[in-house]
>>> print(open('entry-v8.pdb').read())   # PDB, C-alpha atoms
MODEL        1
ATOM      1  CA  ALA J1077      -7.001 171.177-130.978  1.00  0.00           C
ATOM      2  CA  PRO J1078      -9.551 173.177-132.915  1.00  0.00           C
ATOM      3  CA  SER J1079     -12.406 174.566-130.889  1.00  0.00           C
ATOM      4  CA  LEU J1080     -14.915 173.401-133.514  1.00  0.00           C
ATOM      5  CA  GLN J1081     -14.862 170.174-135.452  1.00  0.00           C
ATOM      6  CA  PRO J1082     -14.657 170.746-139.273  1.00  0.00           C
ATOM      7  CA  GLN J1083     -18.021 170.424-140.946  1.00  0.00           C
ATOM      8  CA  TYR J1084     -18.625 167.654-143.455  1.00  0.00           C
ATOM      9  CA  ARG J1085     -21.518 167.671-145.936  1.00  0.00           C
ATOM     10  CA  THR J1086     -22.578 165.092-148.474  1.00  0.00           C
ATOM     11  CA  ASP J1087     -25.407 166.955-150.235  1.00  0.00           C
ATOM     12  CA  THR J1088     -25.103 168.947-153.477  1.00  0.00           C
ATOM     13  CA  TYR J1089     -22.587 171.776-153.296  1.00  0.00           C
ATOM     14  CA  GLY J1090     -23.893 175.342-152.953  1.00  0.00           C
ATOM     15  CA  TYR J1091     -22.470 178.729-152.042  1.00  0.00           C
ATOM     16  CA  GLU J1092     -24.013 178.460-148.588  1.00  0.00           C
ATOM     17  CA  GLN J1093     -21.511 175.691-147.842  1.00  0.00           C
ATOM     18  CA  THR J1094     -18.448 177.870-148.480  1.00  0.00           C
ATOM     19  CA  PRO J1095     -16.955 179.596-145.403  1.00  0.00           C
ATOM     20  CA  SER J1096     -16.805 183.356-145.906  1.00  0.00           C
ATOM     21  CA  GLU J1097     -13.064 183.273-145.158  1.00  0.00           C
ATOM     22  CA  ILE J1098     -12.651 181.380-148.438  1.00  0.00           C
ATOM     23  CA  ASP J1099     -15.211 182.841-150.823  1.00  0.00           C
ATOM     24  CA  ILE J1100     -17.995 185.416-150.724  1.00  0.00           C
ATOM     25  CA  PRO J1101     -20.629 185.362-153.500  1.00  0.00           C
ATOM     26  CA  TYR J1102     -20.906 188.761-155.217  1.00  0.00           C
ATOM     27  CA  ALA J1103     -24.042 189.805-157.086  1.00  0.00           C
ATOM     28  CA  PHE J1104     -23.673 191.909-160.251  1.00  0.00           C
ATOM     29  CA  GLN J1105     -26.580 194.010-161.502  1.00  0.00           C
ATOM     30  CA  ASP J1106     -24.811 195.913-164.278  1.00  0.00           C
ATOM     31  CA  PHE J1107     -22.419 194.202-166.671  1.00  0.00           C
ATOM     32  CA  SER J1108     -21.704 197.214-168.902  1.00  0.00           C
ATOM     33  CA  LEU J1109     -18.098 197.269-167.651  1.00  0.00           C
ATOM     34  CA  GLY J1110     -17.691 193.524-167.545  1.00  0.00           C
ATOM     35  CA  ALA J1111     -17.771 191.305-164.483  1.00  0.00           C
ATOM     36  CA  GLY J1112     -14.967 190.172-162.231  1.00  0.00           C
ATOM     37  CA  PHE J1113     -11.773 191.655-160.939  1.00  0.00           C
ATOM     38  CA  GLU J1114      -9.281 191.173-163.754  1.00  0.00           C
ATOM     39  CA  ASP J1115      -7.042 194.211-164.164  1.00  0.00           C
ATOM     40  CA  ASP J1116      -7.481 196.233-167.324  1.00  0.00           C
ATOM     41  CA  PRO J1117      -4.150 195.929-169.206  1.00  0.00           C
ATOM     42  CA  ASN J1118      -4.920 199.222-170.988  1.00  0.00           C
ATOM     43  CA  GLU J1119      -5.624 202.359-169.026  1.00  0.00           C
ATOM     44  CA  SER J1120      -9.379 202.881-169.049  1.00  0.00           C
ATOM     45  CA  PRO J1121     -10.708 206.343-169.963  1.00  0.00           C
ATOM     46  CA  SER J1122     -13.308 205.888-167.236  1.00  0.00           C
ATOM     47  CA  THR J1123     -12.548 206.359-163.558  1.00  0.00           C
ATOM     48  CA  ALA J1124     -14.642 203.298-162.773  1.00  0.00           C
ATOM     49  CA  PRO J1125     -12.730 200.021-162.443  1.00  0.00           C
ATOM     50  CA  ARG J1126     -13.145 197.760-165.418  1.00  0.00           C
ATOM     51  CA  GLY J1127     -12.965 194.011-165.489  1.00  0.00           C
ATOM     52  CA  TYR J1128     -14.032 190.959-167.376  1.00  0.00           C
ATOM     53  CA  SER J1129     -15.043 187.629-165.954  1.00  0.00           C
ATOM     54  CA  TYR J1130     -13.339 184.767-167.745  1.00  0.00           C
ATOM     55  CA  SER J1131     -15.945 182.417-166.337  1.00  0.00           C
ATOM     56  CA  GLN J1132     -16.733 178.941-167.488  1.00  0.00           C
ATOM     57  CA  GLY J1133     -19.725 178.761-169.783  1.00  0.00           C
ATOM     58  CA  VAL J1134     -20.897 182.387-169.363  1.00  0.00           C
ATOM     59  CA  ASP J1135     -20.293 185.312-171.703  1.00  0.00           C
ATOM     60  CA  ALA J1136     -20.310 188.667-169.892  1.00  0.00           C
ATOM     61  CA  SER J1137     -19.193 190.805-172.822  1.00  0.00           C
ATOM     62  CA  GLU J1138     -22.619 191.978-174.022  1.00  0.00           C
ATOM     63  CA  ARG J1139     -23.004 195.085-171.846  1.00  0.00           C
ATOM     64  CA  THR J1140     -25.870 194.635-169.373  1.00  0.00           C
ATOM     65  CA  ALA J1141     -26.752 191.022-170.075  1.00  0.00           C
ATOM     66  CA  LEU J1142     -25.283 187.603-169.414  1.00  0.00           C
ATOM     67  CA  TYR J1143     -25.459 184.787-171.931  1.00  0.00           C
ATOM     68  CA  LEU J1144     -24.503 181.158-171.978  1.00  0.00           C
ATOM     69  CA  SER J1145     -21.409 180.681-174.058  1.00  0.00           C
ATOM     70  CA  PRO J1146     -21.859 179.143-177.525  1.00  0.00           C
ATOM     71  CA  LEU J1147     -20.460 175.835-176.285  1.00  0.00           C
ATOM     72  CA  ARG J1148     -23.176 175.710-173.622  1.00  0.00           C
ATOM     73  CA  ASN J1149     -25.932 177.141-175.818  1.00  0.00           C
ATOM     74  CA  ALA J1150     -25.793 175.196-179.066  1.00  0.00           C
ATOM     75  CA  LEU J1151     -27.778 176.326-182.079  1.00  0.00           C
ATOM     76  CA  GLY J1152     -30.978 174.479-182.824  1.00  0.00           C
ATOM     77  CA  ALA J1153     -31.701 172.140-185.665  1.00  0.00           C
ATOM     78  CA  GLY J1154     -32.139 173.202-189.282  1.00  0.00           C
ATOM     79  CA  VAL J1155     -28.810 174.926-189.993  1.00  0.00           C
ATOM     80  CA  ASP J1156     -26.687 173.453-192.744  1.00  0.00           C
ATOM     81  CA  GLN J1157     -24.631 176.565-193.630  1.00  0.00           C
ATOM     82  CA  ALA J1158     -21.993 178.535-191.748  1.00  0.00           C
ATOM     83  CA  LEU J1159     -23.700 181.710-190.509  1.00  0.00           C
ATOM     84  CA  THR J1160     -22.182 185.035-191.565  1.00  0.00           C
ATOM     85  CA  LYS J1161     -24.609 187.564-190.035  1.00  0.00           C
ATOM     86  CA  LEU J1162     -27.450 187.627-187.522  1.00  0.00           C
ATOM     87  CA  VAL J1163     -29.902 190.516-187.185  1.00  0.00           C
ATOM     88  CA  TYR J1164     -32.801 191.336-184.868  1.00  0.00           C
ATOM     89  CA  THR J1165     -35.727 193.052-186.613  1.00  0.00           C
ATOM     90  CA  THR J1166     -39.342 193.946-185.948  1.00  0.00           C
ATOM     91  CA  LEU J1167     -40.202 190.800-187.913  1.00  0.00           C
ATOM     92  CA  GLY J1168     -38.056 188.566-185.716  1.00  0.00           C
ATOM     93  CA  TYR J1169     -34.523 187.160-185.637  1.00  0.00           C
ATOM     94  CA  PHE J1170     -32.908 186.378-188.986  1.00  0.00           C
ATOM     95  CA  ALA J1171     -29.557 185.085-190.151  1.00  0.00           C
ATOM     96  CA  ILE J1172     -27.778 184.510-193.441  1.00  0.00           C
ATOM     97  CA  GLY J1173     -25.411 181.664-194.184  1.00  0.00           C
ATOM     98  CA  GLY J1174     -24.251 180.647-197.631  1.00  0.00           C
ATOM     99  CA  ASP J1175     -27.216 180.939-199.977  1.00  0.00           C
ATOM    100  CA  GLU J1176     -29.809 180.608-197.186  1.00  0.00           C
ATOM    101  CA  ILE J1177     -31.869 183.045-195.133  1.00  0.00           C
ATOM    102  CA  TYR J1178     -32.912 181.597-191.775  1.00  0.00           C
ATOM    103  CA  GLU J1179     -35.500 182.746-189.279  1.00  0.00           C
ATOM    104  CA  ILE J1180     -34.603 181.941-185.681  1.00  0.00           C
ATOM    105  CA  ASN J1181     -37.409 181.102-183.288  1.00  0.00           C
ATOM    106  CA  ALA J1182     -37.097 179.355-179.921  1.00  0.00           C
ATOM    107  CA  GLY J1183     -33.592 178.222-180.830  1.00  0.00           C
ATOM    108  CA  ASN J1184     -34.667 176.566-184.069  1.00  0.00           C
ATOM    109  CA  PHE J1185     -33.717 177.694-187.549  1.00  0.00           C
ATOM    110  CA  THR J1186     -36.254 177.732-190.367  1.00  0.00           C
ATOM    111  CA  SER J1187     -35.030 178.267-193.919  1.00  0.00           C
ATOM    112  CA  ARG J1188     -37.023 181.136-195.440  1.00  0.00           C
ATOM    113  CA  ASP J1189     -35.249 181.524-198.752  1.00  0.00           C
ATOM    114  CA  SER J1190     -32.552 179.983-200.896  1.00  0.00           C
ATOM    115  CA  ALA J1191     -30.587 182.057-203.357  1.00  0.00           C
ATOM    116  CA  GLY J1192     -29.992 179.046-205.570  1.00  0.00           C
ATOM    117  CA  GLY J1193     -26.237 178.825-205.154  1.00  0.00           C
ATOM    118  CA  VAL J1194     -25.537 182.578-204.855  1.00  0.00           C
ATOM    119  CA  ASN J1195     -24.363 183.495-201.353  1.00  0.00           C
ATOM    120  CA  TYR J1196     -26.028 186.247-199.390  1.00  0.00           C
ATOM    121  CA  THR J1197     -23.639 188.996-198.324  1.00  0.00           C
ATOM    122  CA  ASP J1198     -25.791 191.190-196.043  1.00  0.00           C
ATOM    123  CA  ILE J1199     -29.235 191.487-194.472  1.00  0.00           C
ATOM    124  CA  MET J1200     -30.912 194.426-192.733  1.00  0.00           C
ATOM    125  CA  GLU J1201     -34.272 196.116-192.076  1.00  0.00           C
ATOM    126  CA  MET J1202     -35.684 199.541-192.925  1.00  0.00           C
ATOM    127  CA  ASP J1203     -39.265 200.684-192.349  1.00  0.00           C
ATOM    128  CA  GLY J1204     -40.440 197.153-191.660  1.00  0.00           C
ATOM    129  CA  ILE J1205     -38.938 195.740-194.875  1.00  0.00           C
ATOM    130  CA  LEU J1206     -36.051 193.278-194.924  1.00  0.00           C
ATOM    131  CA  TYR J1207     -33.360 193.595-197.579  1.00  0.00           C
ATOM    132  CA  ALA J1208     -30.842 190.855-198.352  1.00  0.00           C
ATOM    133  CA  ALA J1209     -27.887 191.554-200.657  1.00  0.00           C
ATOM    134  CA  ARG J1210     -26.327 188.937-202.928  1.00  0.00           C
ATOM    135  CA  GLY J1211     -23.267 190.747-204.274  1.00  0.00           C
ATOM    136  CA  ALA J1212     -22.406 191.840-207.780  1.00  0.00           C
ATOM    137  CA  THR J1213     -23.767 188.845-209.659  1.00  0.00           C
ATOM    138  CA  ALA J1214     -27.382 188.687-208.478  1.00  0.00           C
ATOM    139  CA  ASP J1215     -30.365 190.885-207.608  1.00  0.00           C
ATOM    140  CA  TYR J1216     -30.935 191.611-203.943  1.00  0.00           C
ATOM    141  CA  LYS J1217     -34.128 190.328-202.368  1.00  0.00           C
ATOM    142  CA  PHE J1218     -36.679 191.980-200.075  1.00  0.00           C
ATOM    143  CA  SER J1219     -39.479 190.797-197.821  1.00  0.00           C
ATOM    144  CA  THR J1220     -42.333 192.415-195.888  1.00  0.00           C
ATOM    145  CA  ASP J1221     -42.994 189.418-193.631  1.00  0.00           C
ATOM    146  CA  GLY J1222     -39.685 187.527-193.505  1.00  0.00           C
ATOM    147  CA  VAL J1223     -41.280 184.494-195.134  1.00  0.00           C
ATOM    148  CA  THR J1224     -41.797 185.458-198.776  1.00  0.00           C
ATOM    149  CA  TRP J1225     -38.748 186.915-200.524  1.00  0.00           C
ATOM    150  CA  THR J1226     -38.840 188.691-203.890  1.00  0.00           C
ATOM    151  CA  ALA J1227     -35.946 189.585-206.187  1.00  0.00           C
ATOM    152  CA  PHE J1228     -35.618 193.257-207.116  1.00  0.00           C
ATOM    153  CA  THR J1229     -35.957 193.622-210.874  1.00  0.00           C
ATOM    154  CA  ASP J1230     -36.877 197.285-211.502  1.00  0.00           C
ATOM    155  CA  SER J1231     -33.260 198.093-212.376  1.00  0.00           C
ATOM    156  CA  ASP J1232     -29.914 196.325-212.634  1.00  0.00           C
ATOM    157  CA  ASP J1233     -28.618 197.367-209.202  1.00  0.00           C
ATOM    158  CA  ASN J1234     -26.765 194.586-207.429  1.00  0.00           C
ATOM    159  CA  PHE J1235     -25.407 195.527-204.001  1.00  0.00           C
ATOM    160  CA  SER J1236     -22.954 193.893-201.630  1.00  0.00           C
ATOM    161  CA  TYR J1237     -23.909 195.695-198.393  1.00  0.00           C
ATOM    162  CA  PHE J1238     -26.675 197.920-197.051  1.00  0.00           C
ATOM    163  CA  ALA J1239     -26.930 200.690-194.459  1.00  0.00           C
ATOM    164  CA  THR J1240     -29.480 203.336-193.539  1.00  0.00           C
ATOM    165  CA  ARG J1241     -29.045 207.069-193.116  1.00  0.00           C
ATOM    166  CA  ASN J1242     -31.644 209.623-192.022  1.00  0.00           C
ATOM    167  CA  THR J1243     -32.331 212.869-193.851  1.00  0.00           C
ATOM    168  CA  SER J1244     -32.449 216.221-192.028  1.00  0.00           C
ATOM    169  CA  SER J1245     -36.215 215.724-191.690  1.00  0.00           C
ATOM    170  CA  GLY J1246     -35.760 212.296-190.107  1.00  0.00           C
ATOM    171  CA  GLU J1247     -36.768 210.195-193.105  1.00  0.00           C
ATOM    172  CA  ALA J1248     -34.955 206.876-193.348  1.00  0.00           C
ATOM    173  CA  VAL J1249     -32.957 206.293-196.527  1.00  0.00           C
ATOM    174  CA  LEU J1250     -31.588 202.931-197.645  1.00  0.00           C
ATOM    175  CA  TRP J1251     -28.066 203.017-199.044  1.00  0.00           C
ATOM    176  CA  GLY J1252     -26.477 200.206-200.997  1.00  0.00           C
ATOM    177  CA  VAL J1253     -22.813 199.891-201.875  1.00  0.00           C
ATOM    178  CA  LYS J1254     -21.684 197.841-204.846  1.00  0.00           C
ATOM    179  CA  SER J1255     -18.572 195.725-205.108  1.00  0.00           C
ATOM    180  CA  ASN J1256     -16.748 198.560-206.907  1.00  0.00           C
ATOM    181  CA  GLY J1257     -17.420 201.068-204.104  1.00  0.00           C
ATOM    182  CA  THR J1258     -20.178 203.074-205.768  1.00  0.00           C
ATOM    183  CA  MET J1259     -23.231 203.835-203.621  1.00  0.00           C
ATOM    184  CA  LYS J1260     -26.875 204.523-204.399  1.00  0.00           C
ATOM    185  CA  SER J1261     -29.869 205.376-202.222  1.00  0.00           C
ATOM    186  CA  THR J1262     -33.647 204.999-202.120  1.00  0.00           C
ATOM    187  CA  THR J1263     -36.475 205.454-199.636  1.00  0.00           C
ATOM    188  CA  ASN J1264     -38.206 202.286-200.854  1.00  0.00           C
ATOM    189  CA  GLY J1265     -36.204 199.456-202.399  1.00  0.00           C
ATOM    190  CA  GLN J1266     -39.156 197.276-203.371  1.00  0.00           C
ATOM    191  CA  ASN J1267     -40.289 196.659-206.924  1.00  0.00           C
ATOM    192  CA  GLY J1268     -42.504 199.590-207.837  1.00  0.00           C
ATOM    193  CA  GLY J1269     -40.993 201.638-204.995  1.00  0.00           C
ATOM    194  CA  VAL J1270     -38.669 204.621-205.395  1.00  0.00           C
ATOM    195  CA  ALA J1271     -35.957 204.538-208.064  1.00  0.00           C
ATOM    196  CA  TRP J1272     -32.367 204.296-206.874  1.00  0.00           C
ATOM    197  CA  SER J1273     -30.383 207.537-207.027  1.00  0.00           C
ATOM    198  CA  SER J1274     -27.370 208.297-209.183  1.00  0.00           C
ATOM    199  CA  ALA J1275     -24.150 206.585-208.129  1.00  0.00           C
ATOM    200  CA  VAL J1276     -21.676 208.202-205.747  1.00  0.00           C
ATOM    201  CA  ALA J1277     -18.101 206.877-205.877  1.00  0.00           C
ATOM    202  CA  VAL J1278     -16.335 206.237-202.557  1.00  0.00           C
ATOM    203  CA  GLY J1279     -12.637 205.638-203.081  1.00  0.00           C
ATOM    204  CA  HIS J1280     -11.316 204.121-206.288  1.00  0.00           C
ATOM    205  CA  THR J1281     -13.584 201.770-208.198  1.00  0.00           C
ATOM    206  CA  SER J1282     -10.782 199.189-208.483  1.00  0.00           C
ATOM    207  CA  GLU J1283     -10.776 198.634-204.710  1.00  0.00           C
ATOM    208  CA  THR J1284     -12.635 195.772-202.994  1.00  0.00           C
ATOM    209  CA  VAL J1285     -15.486 196.543-200.577  1.00  0.00           C
ATOM    210  CA  ASN J1286     -15.690 194.440-197.391  1.00  0.00           C
ATOM    211  CA  GLY J1287     -18.473 196.179-195.469  1.00  0.00           C
ATOM    212  CA  MET J1288     -20.481 199.300-194.662  1.00  0.00           C
ATOM    213  CA  LEU J1289     -22.174 200.779-191.589  1.00  0.00           C
ATOM    214  CA  ASN J1290     -23.696 204.011-190.270  1.00  0.00           C
ATOM    215  CA  LEU J1291     -22.197 206.012-187.421  1.00  0.00           C
ATOM    216  CA  ASN J1292     -23.826 209.329-186.453  1.00  0.00           C
ATOM    217  CA  ASP J1293     -25.482 209.517-189.884  1.00  0.00           C
ATOM    218  CA  ASP J1294     -22.148 209.205-191.669  1.00  0.00           C
ATOM    219  CA  LEU J1295     -21.696 206.152-193.873  1.00  0.00           C
ATOM    220  CA  TYR J1296     -18.416 204.290-193.468  1.00  0.00           C
ATOM    221  CA  VAL J1297     -17.279 202.062-196.322  1.00  0.00           C
ATOM    222  CA  PHE J1298     -14.641 199.485-195.433  1.00  0.00           C
ATOM    223  CA  LYS J1299     -12.354 198.174-198.141  1.00  0.00           C
ATOM    224  CA  GLN J1300      -9.299 195.978-198.371  1.00  0.00           C
ATOM    225  CA  GLU J1301      -7.333 199.080-199.305  1.00  0.00           C
ATOM    226  CA  GLY J1302      -8.794 201.658-196.919  1.00  0.00           C
ATOM    227  CA  ILE J1303     -11.735 203.119-194.972  1.00  0.00           C
ATOM    228  CA  TYR J1304     -13.874 205.959-196.290  1.00  0.00           C
ATOM    229  CA  ARG J1305     -16.576 208.177-194.792  1.00  0.00           C
ATOM    230  CA  TYR J1306     -19.512 209.632-196.754  1.00  0.00           C
ATOM    231  CA  THR J1307     -21.220 212.569-195.022  1.00  0.00           C
ATOM    232  CA  GLY J1308     -24.124 212.836-197.447  1.00  0.00           C
ATOM    233  CA  THR J1309     -22.422 215.504-199.506  1.00  0.00           C
ATOM    234  CA  ALA J1310     -18.715 214.638-199.527  1.00  0.00           C
ATOM    235  CA  THR J1311     -16.363 211.654-199.336  1.00  0.00           C
ATOM    236  CA  GLU J1312     -13.525 211.713-196.813  1.00  0.00           C
ATOM    237  CA  ASP J1313     -10.538 209.426-196.291  1.00  0.00           C
ATOM    238  CA  VAL J1314     -10.422 207.819-192.839  1.00  0.00           C
ATOM    239  CA  TRP J1315      -7.528 205.412-193.378  1.00  0.00           C
ATOM    240  CA  LEU J1316      -5.653 204.650-196.573  1.00  0.00           C
ATOM    241  CA  GLY J1317      -3.651 201.467-196.663  1.00  0.00           C
ATOM    242  CA  GLY J1318      -3.153 201.374-200.399  1.00  0.00           C
ATOM    243  CA  ILE J1319      -1.565 198.391-202.060  1.00  0.00           C
ATOM    244  CA  THR J1320       1.171 197.924-199.437  1.00  0.00           C
ATOM    245  CA  MET J1321      -1.288 197.376-196.558  1.00  0.00           C
ATOM    246  CA  ALA J1322      -4.133 195.814-198.522  1.00  0.00           C
ATOM    247  CA  SER J1323      -5.507 192.617-197.014  1.00  0.00           C
ATOM    248  CA  THR J1324      -8.550 190.480-197.652  1.00  0.00           C
ATOM    249  CA  TYR J1325      -9.280 190.801-193.904  1.00  0.00           C
ATOM    250  CA  ASN J1326      -9.245 194.603-193.779  1.00  0.00           C
ATOM    251  CA  GLY J1327     -12.669 195.940-192.827  1.00  0.00           C
ATOM    252  CA  LYS J1328     -14.224 192.483-192.831  1.00  0.00           C
ATOM    253  CA  LYS J1329     -17.492 192.255-190.850  1.00  0.00           C
ATOM    254  CA  PRO J1330     -17.469 195.781-189.365  1.00  0.00           C
ATOM    255  CA  TYR J1331     -19.680 196.072-186.284  1.00  0.00           C
ATOM    256  CA  LEU J1332     -20.890 199.118-184.357  1.00  0.00           C
ATOM    257  CA  TRP J1333     -20.654 198.561-180.622  1.00  0.00           C
ATOM    258  CA  GLY J1334     -23.398 199.772-178.278  1.00  0.00           C
ATOM    259  CA  ASP J1335     -21.373 202.748-176.979  1.00  0.00           C
ATOM    260  CA  GLY J1336     -20.874 204.129-180.506  1.00  0.00           C
TER     261      GLY J1336
ENDMDL
END
>>> encode(input="entry-v8.pdb", output="structure tokens")
Amino acid sequence: APSLQPQYRTDTYGYEQTPSEIDIPYAFQDFSLGAGFEDDPNESPSTAPRGYSYSQGVDASERTALYLSPLRNALGAGVDQALTKLVYTTLGYFAIGGDEIYEINAGNFTSRDSAGGVNYTDIMEMDGILYAARGATADYKFSTDGVTWTAFTDSDDNFSYFATRNTSSGEAVLWGVKSNGTMKSTTNGQNGGVAWSSAVAVGHTSETVNGMLNLNDDLYVFKQEGIYRYTGTATEDVWLGGITMASTYNGKKPYLWGDG
């Protein structure tokens, strides 16, 4: 016979009810390597053990923070388009979806601009100004407060994606890439600002651009047919897939992770 009678409880379950022989709660303070004790199927370059917690309703993939999963943290009201990009700026949280620009506040989405049937392709901030690209068929728009958006009309420069790159003196420069892979730059993309520079070709102009981002002040242009790097003075081939490996998904939605 057992020396102690098994304990029975009828109140709400909590960790304090679980015998330590069965389960011990473990507190994580740093989630940069994931959470949990799943083995890393690929050898990690770090000597520290790596894991990821496949928990229910919690996403532990965002470095040092935990978030409710999308199924547990539904978007607020006001969204009637599929979102394609979200960005955090000094003016607040913004997102683009279809031909709409949304501002996100307290979980609610407020439509700040409609492109009138032309889909937005990118949105970003430089020097406190938001820029939203609309592809090859329409002028990009800019805003100084996130509420009022103005179409750029100083020149016929329609961009698909934006990125920033600093000069040797630390000045921020806005770069735009067009659908044919040519890039231009300016330090002020507003009407009456600074004129866009001469075009620089990255790859062949017949290729299709799917994205652009900055890494260590080099601009990477992602295309269906390859990936190219622009150093500020020269264009270099990173990966060339050509026609045989071309895919509409190649380079789609490139994203720079927090560790570079």
>>> resolve_selection(input="entry-v8.pdb", expression="the PyMOL selection byres ((chain J and resi 1225-1230) around 10)", output="PyMOL selection string")
chain J and resi 1177+1188-1191+1206-1209+1214-1224+1231-1234+1265-1272
>>> axis_aligned_box(input="entry-v8.pdb", around="range 1179-1198 of chain J", padding_each_side="8 Å", output="AutoDock Vina command-line options")
--center_x -30.5 --center_y 183.9 --center_z -192.7 --size_x 29.8 --size_y 30.6 --size_z 41.6
>>> resolve_selection(input="entry-v8.pdb", expression="the PyMOL selection byres ((chain J and resi 1238) around 6)", output="list in words")
Tyr1237, Ala1239, Trp1251 and Gly1252 of chain J
>>> atom_distance(input="entry-v8.pdb", atom1="CA of Ala1322 in chain J", atom2="CA of Val1285 in chain J")
11.6 Å
>>> resolve_selection(input="entry-v8.pdb", expression="the PyMOL selection byres ((chain J and resi 1168) around 8)", output="list in words")
Tyr1164, Thr1165, Thr1166, Leu1167, Tyr1169, Phe1170, Glu1179, Ile1180 and Asn1181 of chain J
>>> atom_distance(input="entry-v8.pdb", atom1="CA of Arg1210 in chain J", atom2="CA of Val1194 in chain J")
6.7 Å
>>> atom_distance(input="entry-v8.pdb", atom1="CA of Ala1275 in chain J", atom2="CA of Thr1309 in chain J")
12.5 Å
>>> closest_residue(input="entry-v8.pdb", among="J:Gly1318, J:Pro1095, J:Gly1279, J:Gly1192", to="Arg1305 in chain J", atoms="only C-alpha atoms")
J:Gly1279
>>> residues_around(input="entry-v8.pdb", residues="Val1155 in chain J", least_positions_apart="2", cutoff="12 Å", atoms="all atoms listed in the file", output="count of residues only")
23
>>> residues_near_point(input="entry-v8.pdb", point="(-15.1, 210.3, -209.2)", cutoff="12 Å", atoms="only C-alpha atoms", output="list in words")
Gly1257, Thr1258, Met1259, Ala1275, Val1276, Ala1277, Val1278, Gly1279, His1280, Thr1281, Ser1282, Ala1310 and Thr1311 of chain J
>>> residues_around(input="entry-v8.pdb", residues="range 1295-1301 of chain J", least_positions_apart="5", cutoff="7 Å", atoms="all atoms listed in the file", output="number ranges by chain")
J: 1283-1290, 1306-1307, 1316-1319, 1321-1327
>>> decode(input="entry-v8.pdb", residues="range 1276-1288 of chain J", atoms="N, CA, C and O atoms", output="mmCIF file, in the first residue's frame")
data_model
loop_
_atom_site.group_PDB
_atom_site.id
_atom_site.type_symbol
_atom_site.label_atom_id
_atom_site.label_comp_id
_atom_site.auth_asym_id
_atom_site.auth_seq_id
_atom_site.Cartn_x
_atom_site.Cartn_y
_atom_site.Cartn_z
ATOM 1 N N VAL J 1276 21.195 53.152 -62.998
ATOM 2 C CA VAL J 1276 22.252 52.139 -62.952
ATOM 3 C C VAL J 1276 21.595 50.789 -63.211
ATOM 4 O O VAL J 1276 20.649 50.414 -62.506
ATOM 5 N N ALA J 1277 22.059 50.062 -64.211
ATOM 6 C CA ALA J 1277 21.465 48.771 -64.562
ATOM 7 C C ALA J 1277 22.058 47.665 -63.692
ATOM 8 O O ALA J 1277 23.273 47.571 -63.521
ATOM 9 N N VAL J 1278 21.200 46.835 -63.126
ATOM 10 C CA VAL J 1278 21.621 45.674 -62.340
ATOM 11 C C VAL J 1278 21.070 44.440 -63.035
ATOM 12 O O VAL J 1278 19.863 44.212 -63.041
ATOM 13 N N GLY J 1279 21.953 43.647 -63.622
ATOM 14 C CA GLY J 1279 21.499 42.512 -64.411
ATOM 15 C C GLY J 1279 20.943 42.982 -65.744
ATOM 16 O O GLY J 1279 21.079 44.146 -66.138
ATOM 17 N N HIS J 1280 20.279 42.064 -66.445
ATOM 18 C CA HIS J 1280 19.709 42.400 -67.745
ATOM 19 C C HIS J 1280 18.333 43.032 -67.550
ATOM 20 O O HIS J 1280 17.570 42.657 -66.665
ATOM 21 N N THR J 1281 18.041 44.012 -68.393
ATOM 22 C CA THR J 1281 16.779 44.739 -68.257
ATOM 23 C C THR J 1281 15.554 43.909 -68.631
ATOM 24 O O THR J 1281 14.426 44.333 -68.378
ATOM 25 N N SER J 1282 15.760 42.728 -69.220
ATOM 26 C CA SER J 1282 14.626 41.866 -69.565
ATOM 27 C C SER J 1282 14.211 40.981 -68.391
ATOM 28 O O SER J 1282 13.189 40.307 -68.459
ATOM 29 N N GLU J 1283 14.981 40.985 -67.311
ATOM 30 C CA GLU J 1283 14.678 40.148 -66.160
ATOM 31 C C GLU J 1283 13.610 40.810 -65.270
ATOM 32 O O GLU J 1283 13.385 42.020 -65.355
ATOM 33 N N THR J 1284 12.987 40.013 -64.411
ATOM 34 C CA THR J 1284 11.878 40.485 -63.584
ATOM 35 C C THR J 1284 12.325 40.635 -62.137
ATOM 36 O O THR J 1284 12.775 39.675 -61.511
ATOM 37 N N VAL J 1285 12.175 41.834 -61.583
ATOM 38 C CA VAL J 1285 12.591 42.131 -60.215
ATOM 39 C C VAL J 1285 11.507 41.676 -59.233
ATOM 40 O O VAL J 1285 10.321 41.951 -59.426
ATOM 41 N N ASN J 1286 11.944 40.997 -58.150
ATOM 42 C CA ASN J 1286 11.007 40.537 -57.122
ATOM 43 C C ASN J 1286 11.263 41.157 -55.755
ATOM 44 O O ASN J 1286 10.478 40.939 -54.831
ATOM 45 N N GLY J 1287 12.347 41.925 -55.597
ATOM 46 C CA GLY J 1287 12.597 42.528 -54.300
ATOM 47 C C GLY J 1287 13.966 43.157 -54.227
ATOM 48 O O GLY J 1287 14.822 42.956 -55.094
ATOM 49 N N MET J 1288 14.186 43.946 -53.160
ATOM 50 C CA MET J 1288 15.476 44.587 -52.923
ATOM 51 C C MET J 1288 15.627 44.859 -51.434
ATOM 52 O O MET J 1288 14.656 45.177 -50.739
#
